[in-house]
file run.txt (compact mmCIF, N, CA, C and O atoms and all ligand atoms)
# COMPACT_ATOMS: atom_id res chain seq x y z
N MET A 15 -136.78 79.70 10.34
CA MET A 15 -136.84 80.57 11.50
C MET A 15 -137.18 81.98 11.04
O MET A 15 -136.89 82.38 9.93
N SER A 16 -137.83 82.75 11.89
CA SER A 16 -138.27 84.10 11.55
C SER A 16 -137.08 85.04 11.35
O SER A 16 -136.03 84.87 11.98
N THR A 17 -137.30 86.03 10.49
CA THR A 17 -136.27 87.04 10.27
C THR A 17 -136.46 88.23 11.19
O THR A 17 -135.66 89.15 11.18
N ILE A 18 -137.53 88.24 12.02
CA ILE A 18 -137.76 89.33 12.96
C ILE A 18 -136.86 89.13 14.17
O ILE A 18 -136.89 88.06 14.78
N PRO A 19 -136.06 90.12 14.51
CA PRO A 19 -135.20 89.98 15.70
C PRO A 19 -136.05 89.71 16.94
O PRO A 19 -137.17 90.22 17.07
N ARG A 20 -135.50 88.90 17.84
CA ARG A 20 -136.23 88.50 19.06
C ARG A 20 -136.76 89.71 19.83
O ARG A 20 -137.91 89.73 20.24
N ARG A 21 -135.92 90.74 20.03
CA ARG A 21 -136.35 91.91 20.80
C ARG A 21 -137.53 92.61 20.12
O ARG A 21 -138.49 93.00 20.76
N LYS A 22 -137.47 92.76 18.80
CA LYS A 22 -138.54 93.42 18.04
C LYS A 22 -139.82 92.59 18.15
O LYS A 22 -140.92 93.13 18.30
N PHE A 23 -139.69 91.26 18.07
CA PHE A 23 -140.85 90.37 18.17
C PHE A 23 -141.56 90.55 19.52
O PHE A 23 -142.78 90.64 19.60
N ILE A 24 -140.77 90.62 20.58
CA ILE A 24 -141.35 90.79 21.92
C ILE A 24 -142.06 92.13 22.03
O ILE A 24 -143.16 92.25 22.56
N GLN A 25 -141.45 93.19 21.45
CA GLN A 25 -142.06 94.51 21.50
C GLN A 25 -143.40 94.52 20.75
O GLN A 25 -144.40 95.03 21.24
N LEU A 26 -143.40 93.94 19.57
CA LEU A 26 -144.63 93.91 18.76
C LEU A 26 -145.72 93.09 19.45
O LEU A 26 -146.89 93.46 19.43
N SER A 27 -145.33 91.99 20.08
CA SER A 27 -146.29 91.14 20.79
C SER A 27 -146.92 91.90 21.95
O SER A 27 -148.13 91.81 22.19
N ALA A 28 -146.11 92.65 22.68
CA ALA A 28 -146.63 93.41 23.83
C ALA A 28 -147.61 94.47 23.36
O ALA A 28 -148.67 94.68 23.95
N VAL A 29 -147.28 95.17 22.28
CA VAL A 29 -148.17 96.21 21.75
C VAL A 29 -149.48 95.58 21.28
O VAL A 29 -150.57 96.09 21.55
N ALA A 30 -149.41 94.46 20.58
CA ALA A 30 -150.61 93.79 20.09
C ALA A 30 -151.49 93.32 21.25
O ALA A 30 -152.71 93.48 21.22
N ALA A 31 -150.88 92.76 22.28
CA ALA A 31 -151.65 92.27 23.44
C ALA A 31 -152.33 93.44 24.15
O ALA A 31 -153.50 93.36 24.53
N ALA A 32 -151.61 94.55 24.32
CA ALA A 32 -152.20 95.72 24.97
C ALA A 32 -153.36 96.25 24.15
O ALA A 32 -154.40 96.64 24.70
N GLY A 33 -153.20 96.28 22.84
CA GLY A 33 -154.28 96.75 21.97
C GLY A 33 -155.52 95.89 22.09
O GLY A 33 -156.64 96.40 22.13
N CYS A 34 -155.36 94.59 22.18
CA CYS A 34 -156.49 93.67 22.34
C CYS A 34 -157.21 93.92 23.65
O CYS A 34 -158.44 93.93 23.71
N LEU A 35 -156.46 94.12 24.72
CA LEU A 35 -157.07 94.37 26.03
C LEU A 35 -157.85 95.67 26.03
O LEU A 35 -158.98 95.75 26.52
N VAL A 36 -157.26 96.73 25.48
CA VAL A 36 -157.94 98.03 25.44
C VAL A 36 -159.20 97.93 24.60
O VAL A 36 -160.27 98.39 24.98
N GLN A 37 -159.11 97.31 23.42
CA GLN A 37 -160.25 97.18 22.53
C GLN A 37 -161.37 96.37 23.19
O GLN A 37 -162.53 96.76 23.14
N ALA A 38 -161.02 95.25 23.82
CA ALA A 38 -162.05 94.41 24.45
C ALA A 38 -162.72 95.16 25.58
O ALA A 38 -163.93 95.11 25.75
N GLY A 39 -161.95 95.92 26.36
CA GLY A 39 -162.52 96.69 27.46
C GLY A 39 -163.46 97.76 26.97
O GLY A 39 -164.53 97.97 27.52
N ARG A 40 -163.07 98.45 25.89
CA ARG A 40 -163.91 99.52 25.35
C ARG A 40 -165.24 98.96 24.85
O ARG A 40 -166.29 99.48 25.12
N GLN A 41 -165.20 97.84 24.10
CA GLN A 41 -166.42 97.27 23.55
C GLN A 41 -167.32 96.75 24.66
O GLN A 41 -168.52 96.96 24.62
N ALA A 42 -166.75 96.07 25.63
CA ALA A 42 -167.56 95.53 26.71
C ALA A 42 -168.25 96.66 27.45
O ALA A 42 -169.40 96.57 27.82
N HIS A 43 -167.54 97.77 27.64
CA HIS A 43 -168.12 98.90 28.36
C HIS A 43 -169.32 99.47 27.61
O HIS A 43 -170.38 99.66 28.19
N ALA A 44 -169.17 99.74 26.31
CA ALA A 44 -170.26 100.33 25.54
C ALA A 44 -171.44 99.36 25.44
O ALA A 44 -172.59 99.78 25.55
N GLU A 45 -171.15 98.08 25.26
CA GLU A 45 -172.23 97.11 25.11
C GLU A 45 -173.02 96.95 26.41
O GLU A 45 -174.20 96.59 26.39
N ASP A 46 -172.38 97.17 27.53
CA ASP A 46 -173.06 97.03 28.82
C ASP A 46 -173.95 98.22 29.16
O ASP A 46 -174.76 98.14 30.07
N MET A 47 -173.77 99.31 28.46
CA MET A 47 -174.54 100.51 28.79
C MET A 47 -175.96 100.42 28.24
O MET A 47 -176.16 99.99 27.10
N PRO A 48 -176.95 100.84 29.01
CA PRO A 48 -178.33 100.82 28.52
C PRO A 48 -178.60 101.97 27.55
O PRO A 48 -177.90 102.99 27.58
N LYS A 49 -179.61 101.79 26.72
CA LYS A 49 -180.01 102.86 25.81
C LYS A 49 -180.81 103.90 26.59
O LYS A 49 -181.64 103.54 27.43
N LEU A 50 -180.56 105.14 26.31
CA LEU A 50 -181.30 106.23 26.96
C LEU A 50 -182.76 106.18 26.52
O LEU A 50 -183.07 106.07 25.33
N SER A 51 -183.66 106.24 27.49
CA SER A 51 -185.09 106.28 27.18
C SER A 51 -185.54 107.73 26.99
O SER A 51 -185.08 108.62 27.70
N GLU A 52 -186.45 107.92 26.05
CA GLU A 52 -187.00 109.27 25.85
C GLU A 52 -187.80 109.70 27.08
O GLU A 52 -188.06 110.88 27.27
N ASP A 53 -188.21 108.72 27.90
CA ASP A 53 -188.98 109.03 29.11
C ASP A 53 -188.10 109.32 30.32
O ASP A 53 -188.61 109.67 31.38
N ASP A 54 -186.80 109.15 30.17
CA ASP A 54 -185.87 109.46 31.24
C ASP A 54 -186.03 110.95 31.60
O ASP A 54 -186.09 111.80 30.71
N PRO A 55 -186.15 111.26 32.90
CA PRO A 55 -186.36 112.67 33.29
C PRO A 55 -185.31 113.62 32.72
O PRO A 55 -185.65 114.72 32.28
N MET A 56 -184.05 113.18 32.71
CA MET A 56 -183.00 114.07 32.17
C MET A 56 -183.15 114.20 30.65
O MET A 56 -182.93 115.28 30.09
N ALA A 57 -183.52 113.09 29.99
CA ALA A 57 -183.73 113.14 28.55
C ALA A 57 -184.87 114.11 28.22
O ALA A 57 -184.78 114.91 27.29
N LYS A 58 -185.95 114.03 29.01
CA LYS A 58 -187.07 114.95 28.78
C LYS A 58 -186.63 116.40 29.00
O LYS A 58 -187.02 117.30 28.26
N GLY A 59 -185.81 116.60 30.03
CA GLY A 59 -185.34 117.95 30.32
C GLY A 59 -184.52 118.53 29.19
O GLY A 59 -184.53 119.74 28.95
N MET A 60 -183.82 117.65 28.48
CA MET A 60 -182.97 118.09 27.36
C MET A 60 -183.69 117.92 26.02
O MET A 60 -183.10 118.11 24.97
N LYS A 61 -184.97 117.51 26.07
CA LYS A 61 -185.80 117.32 24.87
C LYS A 61 -185.21 116.26 23.93
O LYS A 61 -185.34 116.37 22.71
N TYR A 62 -184.54 115.23 24.53
CA TYR A 62 -183.93 114.19 23.70
C TYR A 62 -184.99 113.34 23.00
O TYR A 62 -186.01 112.96 23.59
N VAL A 63 -184.74 113.03 21.73
CA VAL A 63 -185.57 112.09 20.96
C VAL A 63 -184.65 111.17 20.18
O VAL A 63 -183.52 111.54 19.84
N HIS A 64 -185.13 109.95 19.89
CA HIS A 64 -184.32 108.99 19.14
C HIS A 64 -184.24 109.37 17.65
O HIS A 64 -183.34 108.93 16.96
N ASP A 65 -185.20 110.16 17.17
CA ASP A 65 -185.27 110.49 15.74
C ASP A 65 -185.29 112.02 15.57
O ASP A 65 -186.31 112.66 15.80
N ALA A 66 -184.16 112.55 15.14
CA ALA A 66 -184.03 114.01 15.01
C ALA A 66 -184.99 114.59 13.98
O ALA A 66 -185.33 115.77 14.05
N SER A 67 -185.45 113.77 13.04
CA SER A 67 -186.34 114.30 11.99
C SER A 67 -187.71 114.68 12.54
O SER A 67 -188.48 115.36 11.88
N LYS A 68 -188.01 114.23 13.77
CA LYS A 68 -189.30 114.56 14.38
C LYS A 68 -189.27 115.90 15.10
O LYS A 68 -190.29 116.34 15.63
N VAL A 69 -188.10 116.53 15.13
CA VAL A 69 -187.97 117.81 15.83
C VAL A 69 -188.21 118.96 14.86
O VAL A 69 -187.62 119.00 13.77
N ASP A 70 -189.09 119.87 15.25
CA ASP A 70 -189.37 121.06 14.43
C ASP A 70 -188.13 121.95 14.45
O ASP A 70 -187.73 122.44 15.51
N PRO A 71 -187.50 122.20 13.29
CA PRO A 71 -186.29 123.03 13.26
C PRO A 71 -186.51 124.40 13.89
O PRO A 71 -185.58 124.98 14.47
N ALA A 72 -187.72 124.91 13.83
CA ALA A 72 -188.00 126.22 14.40
C ALA A 72 -187.91 126.22 15.93
O ALA A 72 -187.75 127.27 16.55
N SER A 73 -187.99 125.03 16.53
CA SER A 73 -187.95 124.94 18.00
C SER A 73 -186.52 124.84 18.52
O SER A 73 -186.29 124.88 19.72
N ARG A 74 -185.55 124.71 17.61
CA ARG A 74 -184.17 124.56 18.03
C ARG A 74 -183.51 125.93 18.23
O ARG A 74 -183.79 126.87 17.48
N ILE A 75 -182.66 126.02 19.22
CA ILE A 75 -181.94 127.27 19.49
C ILE A 75 -180.84 127.48 18.45
O ILE A 75 -180.68 128.56 17.91
N ASN A 76 -180.09 126.40 18.16
CA ASN A 76 -179.01 126.49 17.19
C ASN A 76 -179.61 126.41 15.78
O ASN A 76 -180.38 125.49 15.50
N PRO A 77 -179.28 127.34 14.90
CA PRO A 77 -179.89 127.35 13.55
C PRO A 77 -179.29 126.39 12.54
O PRO A 77 -179.79 126.28 11.43
N ALA A 78 -178.23 125.65 12.90
CA ALA A 78 -177.60 124.74 11.93
C ALA A 78 -178.64 123.78 11.35
O ALA A 78 -179.43 123.20 12.10
N PRO A 79 -178.67 123.62 10.03
CA PRO A 79 -179.73 122.81 9.39
C PRO A 79 -179.65 121.32 9.68
O PRO A 79 -180.67 120.66 9.85
N GLU A 80 -178.46 120.74 9.69
CA GLU A 80 -178.31 119.29 9.89
C GLU A 80 -177.90 119.03 11.33
O GLU A 80 -176.74 119.29 11.70
N GLN A 81 -178.82 118.55 12.14
CA GLN A 81 -178.51 118.31 13.55
C GLN A 81 -178.97 116.91 13.94
O GLN A 81 -180.15 116.59 13.86
N ASN A 82 -178.03 116.09 14.36
CA ASN A 82 -178.34 114.79 14.95
C ASN A 82 -177.16 114.39 15.84
O ASN A 82 -176.12 115.04 15.83
N CYS A 83 -177.35 113.35 16.61
CA CYS A 83 -176.30 112.95 17.55
C CYS A 83 -175.00 112.59 16.83
O CYS A 83 -173.91 112.87 17.34
N ALA A 84 -175.10 112.00 15.64
CA ALA A 84 -173.90 111.56 14.93
C ALA A 84 -173.00 112.74 14.56
O ALA A 84 -171.78 112.58 14.46
N ASN A 85 -173.57 113.94 14.35
CA ASN A 85 -172.73 115.08 13.97
C ASN A 85 -172.63 116.10 15.11
O ASN A 85 -172.29 117.26 14.87
N CYS A 86 -172.90 115.66 16.31
CA CYS A 86 -172.81 116.53 17.50
C CYS A 86 -171.40 116.41 18.10
O CYS A 86 -170.82 115.33 18.15
N ALA A 87 -170.90 117.51 18.60
CA ALA A 87 -169.56 117.54 19.20
C ALA A 87 -169.49 116.71 20.49
O ALA A 87 -168.40 116.35 20.92
N LEU A 88 -170.62 116.39 21.09
CA LEU A 88 -170.63 115.71 22.38
C LEU A 88 -170.79 114.20 22.28
O LEU A 88 -170.77 113.50 23.29
N ILE A 89 -170.94 113.69 21.06
CA ILE A 89 -171.07 112.24 20.87
C ILE A 89 -169.71 111.58 21.12
O ILE A 89 -168.67 112.18 20.90
N GLN A 90 -169.76 110.34 21.58
CA GLN A 90 -168.54 109.58 21.81
C GLN A 90 -168.68 108.23 21.11
O GLN A 90 -169.68 107.98 20.44
N GLY A 91 -167.71 107.37 21.29
CA GLY A 91 -167.78 106.03 20.72
C GLY A 91 -167.33 106.00 19.27
O GLY A 91 -166.64 106.90 18.80
N GLU A 92 -167.76 104.95 18.60
CA GLU A 92 -167.29 104.67 17.25
C GLU A 92 -168.20 105.25 16.18
O GLU A 92 -169.43 105.05 16.23
N GLU A 93 -167.61 105.94 15.22
CA GLU A 93 -168.33 106.44 14.05
C GLU A 93 -169.04 105.27 13.37
O GLU A 93 -168.44 104.21 13.17
N GLY A 94 -170.31 105.42 13.05
CA GLY A 94 -171.04 104.37 12.35
C GLY A 94 -171.89 103.50 13.27
O GLY A 94 -172.79 102.82 12.80
N ASP A 95 -171.62 103.50 14.58
CA ASP A 95 -172.44 102.73 15.50
C ASP A 95 -173.82 103.38 15.65
O ASP A 95 -173.93 104.61 15.69
N GLU A 96 -174.87 102.57 15.74
CA GLU A 96 -176.22 103.11 15.86
C GLU A 96 -176.45 103.74 17.23
O GLU A 96 -177.11 104.75 17.35
N TRP A 97 -175.91 103.11 18.29
CA TRP A 97 -176.07 103.61 19.65
C TRP A 97 -174.69 103.94 20.21
O TRP A 97 -173.80 103.09 20.16
N ARG A 98 -174.52 105.16 20.71
CA ARG A 98 -173.20 105.61 21.13
C ARG A 98 -173.29 106.38 22.44
O ARG A 98 -174.33 107.00 22.74
N PRO A 99 -172.21 106.37 23.22
CA PRO A 99 -172.19 107.17 24.45
C PRO A 99 -172.22 108.66 24.11
O PRO A 99 -171.82 109.07 23.03
N CYS A 100 -172.68 109.45 25.08
CA CYS A 100 -172.77 110.91 24.91
C CYS A 100 -172.30 111.55 26.22
O CYS A 100 -172.61 111.06 27.30
N GLN A 101 -171.58 112.65 26.10
CA GLN A 101 -171.06 113.32 27.29
C GLN A 101 -172.17 113.89 28.18
O GLN A 101 -171.99 114.05 29.37
N ILE A 102 -173.31 114.17 27.61
CA ILE A 102 -174.41 114.76 28.39
C ILE A 102 -175.18 113.71 29.19
O ILE A 102 -175.75 114.01 30.23
N PHE A 103 -175.20 112.48 28.70
CA PHE A 103 -175.93 111.41 29.37
C PHE A 103 -174.97 110.28 29.75
O PHE A 103 -174.97 109.21 29.12
N PRO A 104 -174.15 110.50 30.76
CA PRO A 104 -173.15 109.49 31.14
C PRO A 104 -173.79 108.16 31.55
O PRO A 104 -174.82 108.14 32.23
N GLY A 105 -173.20 107.07 31.06
CA GLY A 105 -173.70 105.74 31.41
C GLY A 105 -174.84 105.27 30.54
O GLY A 105 -175.36 104.17 30.73
N LYS A 106 -175.25 106.07 29.56
CA LYS A 106 -176.35 105.69 28.65
C LYS A 106 -175.89 105.87 27.21
O LYS A 106 -174.96 106.62 26.93
N LEU A 107 -176.57 105.18 26.31
CA LEU A 107 -176.29 105.30 24.89
C LEU A 107 -177.39 106.10 24.21
O LEU A 107 -178.58 105.90 24.51
N VAL A 108 -177.01 106.97 23.31
CA VAL A 108 -178.00 107.73 22.54
C VAL A 108 -177.98 107.23 21.10
O VAL A 108 -176.98 106.69 20.63
N ASN A 109 -179.09 107.41 20.41
CA ASN A 109 -179.18 106.96 19.02
C ASN A 109 -178.44 107.95 18.12
O ASN A 109 -178.59 109.16 18.27
N ALA A 110 -177.66 107.43 17.17
CA ALA A 110 -176.91 108.30 16.26
C ALA A 110 -177.83 109.23 15.48
O ALA A 110 -177.44 110.32 15.07
N ASN A 111 -179.09 108.81 15.29
CA ASN A 111 -180.06 109.65 14.58
C ASN A 111 -180.87 110.54 15.52
O ASN A 111 -181.80 111.20 15.09
N GLY A 112 -180.51 110.49 16.80
CA GLY A 112 -181.26 111.27 17.79
C GLY A 112 -180.86 112.73 17.83
O GLY A 112 -180.08 113.22 16.99
N TRP A 113 -181.40 113.42 18.82
CA TRP A 113 -181.12 114.85 18.98
C TRP A 113 -181.54 115.27 20.38
O TRP A 113 -182.45 114.67 20.97
N CYS A 114 -180.86 116.29 20.90
CA CYS A 114 -181.34 116.95 22.12
C CYS A 114 -180.98 118.43 22.03
O CYS A 114 -180.24 118.85 21.14
N SER A 115 -181.53 119.21 22.95
CA SER A 115 -181.39 120.67 22.87
C SER A 115 -179.98 121.17 23.14
O SER A 115 -179.69 122.35 22.95
N VAL A 116 -179.08 120.27 23.56
CA VAL A 116 -177.69 120.66 23.82
C VAL A 116 -176.82 120.49 22.58
O VAL A 116 -175.64 120.80 22.59
N TRP A 117 -177.40 120.04 21.49
CA TRP A 117 -176.64 119.76 20.28
C TRP A 117 -175.66 120.91 19.99
O TRP A 117 -176.02 122.08 20.07
N ALA A 118 -174.42 120.53 19.65
CA ALA A 118 -173.39 121.51 19.28
C ALA A 118 -172.61 120.99 18.09
O ALA A 118 -172.34 119.80 17.99
N PRO A 119 -172.24 121.88 17.16
CA PRO A 119 -171.50 121.41 15.98
C PRO A 119 -170.09 120.98 16.32
O PRO A 119 -169.47 121.53 17.24
N LYS A 120 -169.62 119.98 15.58
CA LYS A 120 -168.24 119.55 15.76
C LYS A 120 -167.32 120.65 15.24
O LYS A 120 -167.66 121.34 14.28
N ALA A 121 -166.18 120.81 15.88
CA ALA A 121 -165.24 121.87 15.48
C ALA A 121 -164.64 121.57 14.13
O ALA A 121 -164.55 120.47 13.69
FE1 LIG B 201 -177.17 113.79 20.90
FE2 LIG B 201 -175.41 115.77 21.19
FE3 LIG B 201 -177.65 115.76 22.62
FE4 LIG B 201 -175.72 113.99 23.14
S1 LIG B 201 -175.59 116.23 23.37
S2 LIG B 201 -177.93 113.56 22.99
S3 LIG B 201 -174.93 113.58 21.08
S4 LIG B 201 -177.49 115.95 20.38

call {"tool": "encode", "arguments": {"input": "run.txt", "output": "structure tokens"}}
result
Amino acid sequence: MSTIPRRKFIQLSAVAAAGCLVQAGRQAHAEDMPKLSEDDPMAKGMKYVHDASKVDPASRINPAPEQNCANCALIQGEEGDEWRPCQIFPGKLVNANGWCSVWAPKA
């Protein structure tokens, strides 16, 4: 028989089950979101591109040398994912290597 007290076992089971539900919901949500198109009117307005290396640094307002979606303060989702949600483009995924004119450094 287990050495874990019954009450502790029930508490741990509830926490584990809640964690599974939250994790499954988060993944399903991100996977269901479409990728932002560079032709999207809002993307064009913000000068969004999938590849930040194609942007002339001289055309950027912020002078920070390393700028891409992965190191932007407005990126969301999981570190390391290629496509991630962004606060500027709700309901769409941006490329971690992308960039737009709203780029801001992480604090
Ligand atoms: Fe990328 Fe940041 Fe622009 Fe969102 S706000 S598209 S994360 S550079």

call {"tool": "residues_near_ligand", "arguments": {"input": "run.txt", "ligand": "ligand LIG 201 (chain B)", "cutoff": "8 Å", "atoms": "all atoms listed in the file", "output": "number ranges by chain"}}
result
A: 60-63, 81-90, 98-103, 107-119

call {"tool": "write_last_selection", "arguments": {"input": "run.txt", "atoms": "N, CA, C and O atoms", "output": "compact mmCIF listing (two decimals), keeping the file's coordinate frame"}}
result
# COMPACT_ATOMS: atom_id res chain seq x y z
N MET A 60 -183.82 117.65 28.48
CA MET A 60 -182.97 118.09 27.36
C MET A 60 -183.69 117.92 26.02
O MET A 60 -183.10 118.11 24.97
N LYS A 61 -184.97 117.51 26.07
CA LYS A 61 -185.80 117.32 24.87
C LYS A 61 -185.21 116.26 23.93
O LYS A 61 -185.34 116.37 22.71
N TYR A 62 -184.54 115.23 24.53
CA TYR A 62 -183.93 114.19 23.70
C TYR A 62 -184.99 113.34 23.00
O TYR A 62 -186.01 112.96 23.59
N VAL A 63 -184.74 113.03 21.73
CA VAL A 63 -185.57 112.09 20.96
C VAL A 63 -184.65 111.17 20.18
O VAL A 63 -183.52 111.54 19.84
N GLN A 81 -178.82 118.55 12.14
CA GLN A 81 -178.51 118.31 13.55
C GLN A 81 -178.97 116.91 13.94
O GLN A 81 -180.15 116.59 13.86
N ASN A 82 -178.03 116.09 14.36
CA ASN A 82 -178.34 114.79 14.95
C ASN A 82 -177.16 114.39 15.84
O ASN A 82 -176.12 115.04 15.83
N CYS A 83 -177.35 113.35 16.61
CA CYS A 83 -176.30 112.95 17.55
C CYS A 83 -175.00 112.59 16.83
O CYS A 83 -173.91 112.87 17.34
N ALA A 84 -175.10 112.00 15.64
CA ALA A 84 -173.90 111.56 14.93
C ALA A 84 -173.00 112.74 14.56
O ALA A 84 -171.78 112.58 14.46
N ASN A 85 -173.57 113.94 14.35
CA ASN A 85 -172.73 115.08 13.97
C ASN A 85 -172.63 116.10 15.11
O ASN A 85 -172.29 117.26 14.87
N CYS A 86 -172.90 115.66 16.31
CA CYS A 86 -172.81 116.53 17.50
C CYS A 86 -171.40 116.41 18.10
O CYS A 86 -170.82 115.33 18.15
N ALA A 87 -170.90 117.51 18.60
CA ALA A 87 -169.56 117.54 19.20
C ALA A 87 -169.49 116.71 20.49
O ALA A 87 -168.40 116.35 20.92
N LEU A 88 -170.62 116.39 21.09
CA LEU A 88 -170.63 115.71 22.38
C LEU A 88 -170.79 114.20 22.28
O LEU A 88 -170.77 113.50 23.29
N ILE A 89 -170.94 113.69 21.06
CA ILE A 89 -171.07 112.24 20.87
C ILE A 89 -169.71 111.58 21.12
O ILE A 89 -168.67 112.18 20.90
N GLN A 90 -169.76 110.34 21.58
CA GLN A 90 -168.54 109.58 21.81
C GLN A 90 -168.68 108.23 21.11
O GLN A 90 -169.68 107.98 20.44
N ARG A 98 -174.52 105.16 20.71
CA ARG A 98 -173.20 105.61 21.13
C ARG A 98 -173.29 106.38 22.44
O ARG A 98 -174.33 107.00 22.74
N PRO A 99 -172.21 106.37 23.22
CA PRO A 99 -172.19 107.17 24.45
C PRO A 99 -172.22 108.66 24.11
O PRO A 99 -171.82 109.07 23.03
N CYS A 100 -172.68 109.45 25.08
CA CYS A 100 -172.77 110.91 24.91
C CYS A 100 -172.30 111.55 26.22
O CYS A 100 -172.61 111.06 27.30
N GLN A 101 -171.58 112.65 26.10
CA GLN A 101 -171.06 113.32 27.29
C GLN A 101 -172.17 113.89 28.18
O GLN A 101 -171.99 114.05 29.37
N ILE A 102 -173.31 114.17 27.61
CA ILE A 102 -174.41 114.76 28.39
C ILE A 102 -175.18 113.71 29.19
O ILE A 102 -175.75 114.01 30.23
N PHE A 103 -175.20 112.48 28.70
CA PHE A 103 -175.93 111.41 29.37
C PHE A 103 -174.97 110.28 29.75
O PHE A 103 -174.97 109.21 29.12
N LEU A 107 -176.57 105.18 26.31
CA LEU A 107 -176.29 105.30 24.89
C LEU A 107 -177.39 106.10 24.21
O LEU A 107 -178.58 105.90 24.51
N VAL A 108 -177.01 106.97 23.31
CA VAL A 108 -178.00 107.73 22.54
C VAL A 108 -177.98 107.23 21.10
O VAL A 108 -176.98 106.69 20.63
N ASN A 109 -179.09 107.41 20.41
CA ASN A 109 -179.18 106.96 19.02
C ASN A 109 -178.44 107.95 18.12
O ASN A 109 -178.59 109.16 18.27
N ALA A 110 -177.66 107.43 17.17
CA ALA A 110 -176.91 108.30 16.26
C ALA A 110 -177.83 109.23 15.48
O ALA A 110 -177.44 110.32 15.07
N ASN A 111 -179.09 108.81 15.29
CA ASN A 111 -180.06 109.65 14.58
C ASN A 111 -180.87 110.54 15.52
O ASN A 111 -181.80 111.20 15.09
N GLY A 112 -180.51 110.49 16.80
CA GLY A 112 -181.26 111.27 17.79
C GLY A 112 -180.86 112.73 17.83
O GLY A 112 -180.08 113.22 16.99
N TRP A 113 -181.40 113.42 18.82
CA TRP A 113 -181.12 114.85 18.98
C TRP A 113 -181.54 115.27 20.38
O TRP A 113 -182.45 114.67 20.97
N CYS A 114 -180.86 116.29 20.90
CA CYS A 114 -181.34 116.95 22.12
C CYS A 114 -180.98 118.43 22.03
O CYS A 114 -180.24 118.85 21.14
N SER A 115 -181.53 119.21 22.95
CA SER A 115 -181.39 120.67 22.87
C SER A 115 -179.98 121.17 23.14
O SER A 115 -179.69 122.35 22.95
N VAL A 116 -179.08 120.27 23.56
CA VAL A 116 -177.69 120.66 23.82
C VAL A 116 -176.82 120.49 22.58
O VAL A 116 -175.64 120.80 22.59
N TRP A 117 -177.40 120.04 21.49
CA TRP A 117 -176.64 119.76 20.28
C TRP A 117 -175.66 120.91 19.99
O TRP A 117 -176.02 122.08 20.07
N ALA A 118 -174.42 120.53 19.65
CA ALA A 118 -173.39 121.51 19.28
C ALA A 118 -172.61 120.99 18.09
O ALA A 118 -172.34 119.80 17.99
N PRO A 119 -172.24 121.88 17.16
CA PRO A 119 -171.50 121.41 15.98
C PRO A 119 -170.09 120.98 16.32
O PRO A 119 -169.47 121.53 17.24

call {"tool": "select_by_dssp", "arguments": {"input": "run.txt", "residues": "region 32-103 of chain A", "states": "helix (DSSP H, G or I)", "output": "PyMOL selection string"}}
result
chain A and resi 32-46+55-59+66-68+71-73+83-85

call {"tool": "closest_residue", "arguments": {"input": "run.txt", "among": "A:Val69, A:Lys106, A:Pro79, A:Met56", "to": "Gly91 (chain A)", "atoms": "only C-alpha atoms"}}
result
A:Lys106

call {"tool": "atom_distance", "arguments": {"input": "run.txt", "atom1": "atom N of Asn76 (chain A)", "atom2": "atom O of Ala44 (chain A)"}}
result
28.6 Å

call {"tool": "atom_distance", "arguments": {"input": "run.txt", "atom1": "CA of Lys49 (chain A)", "atom2": "CA of Asp95 (chain A)"}}
result
12.8 Å
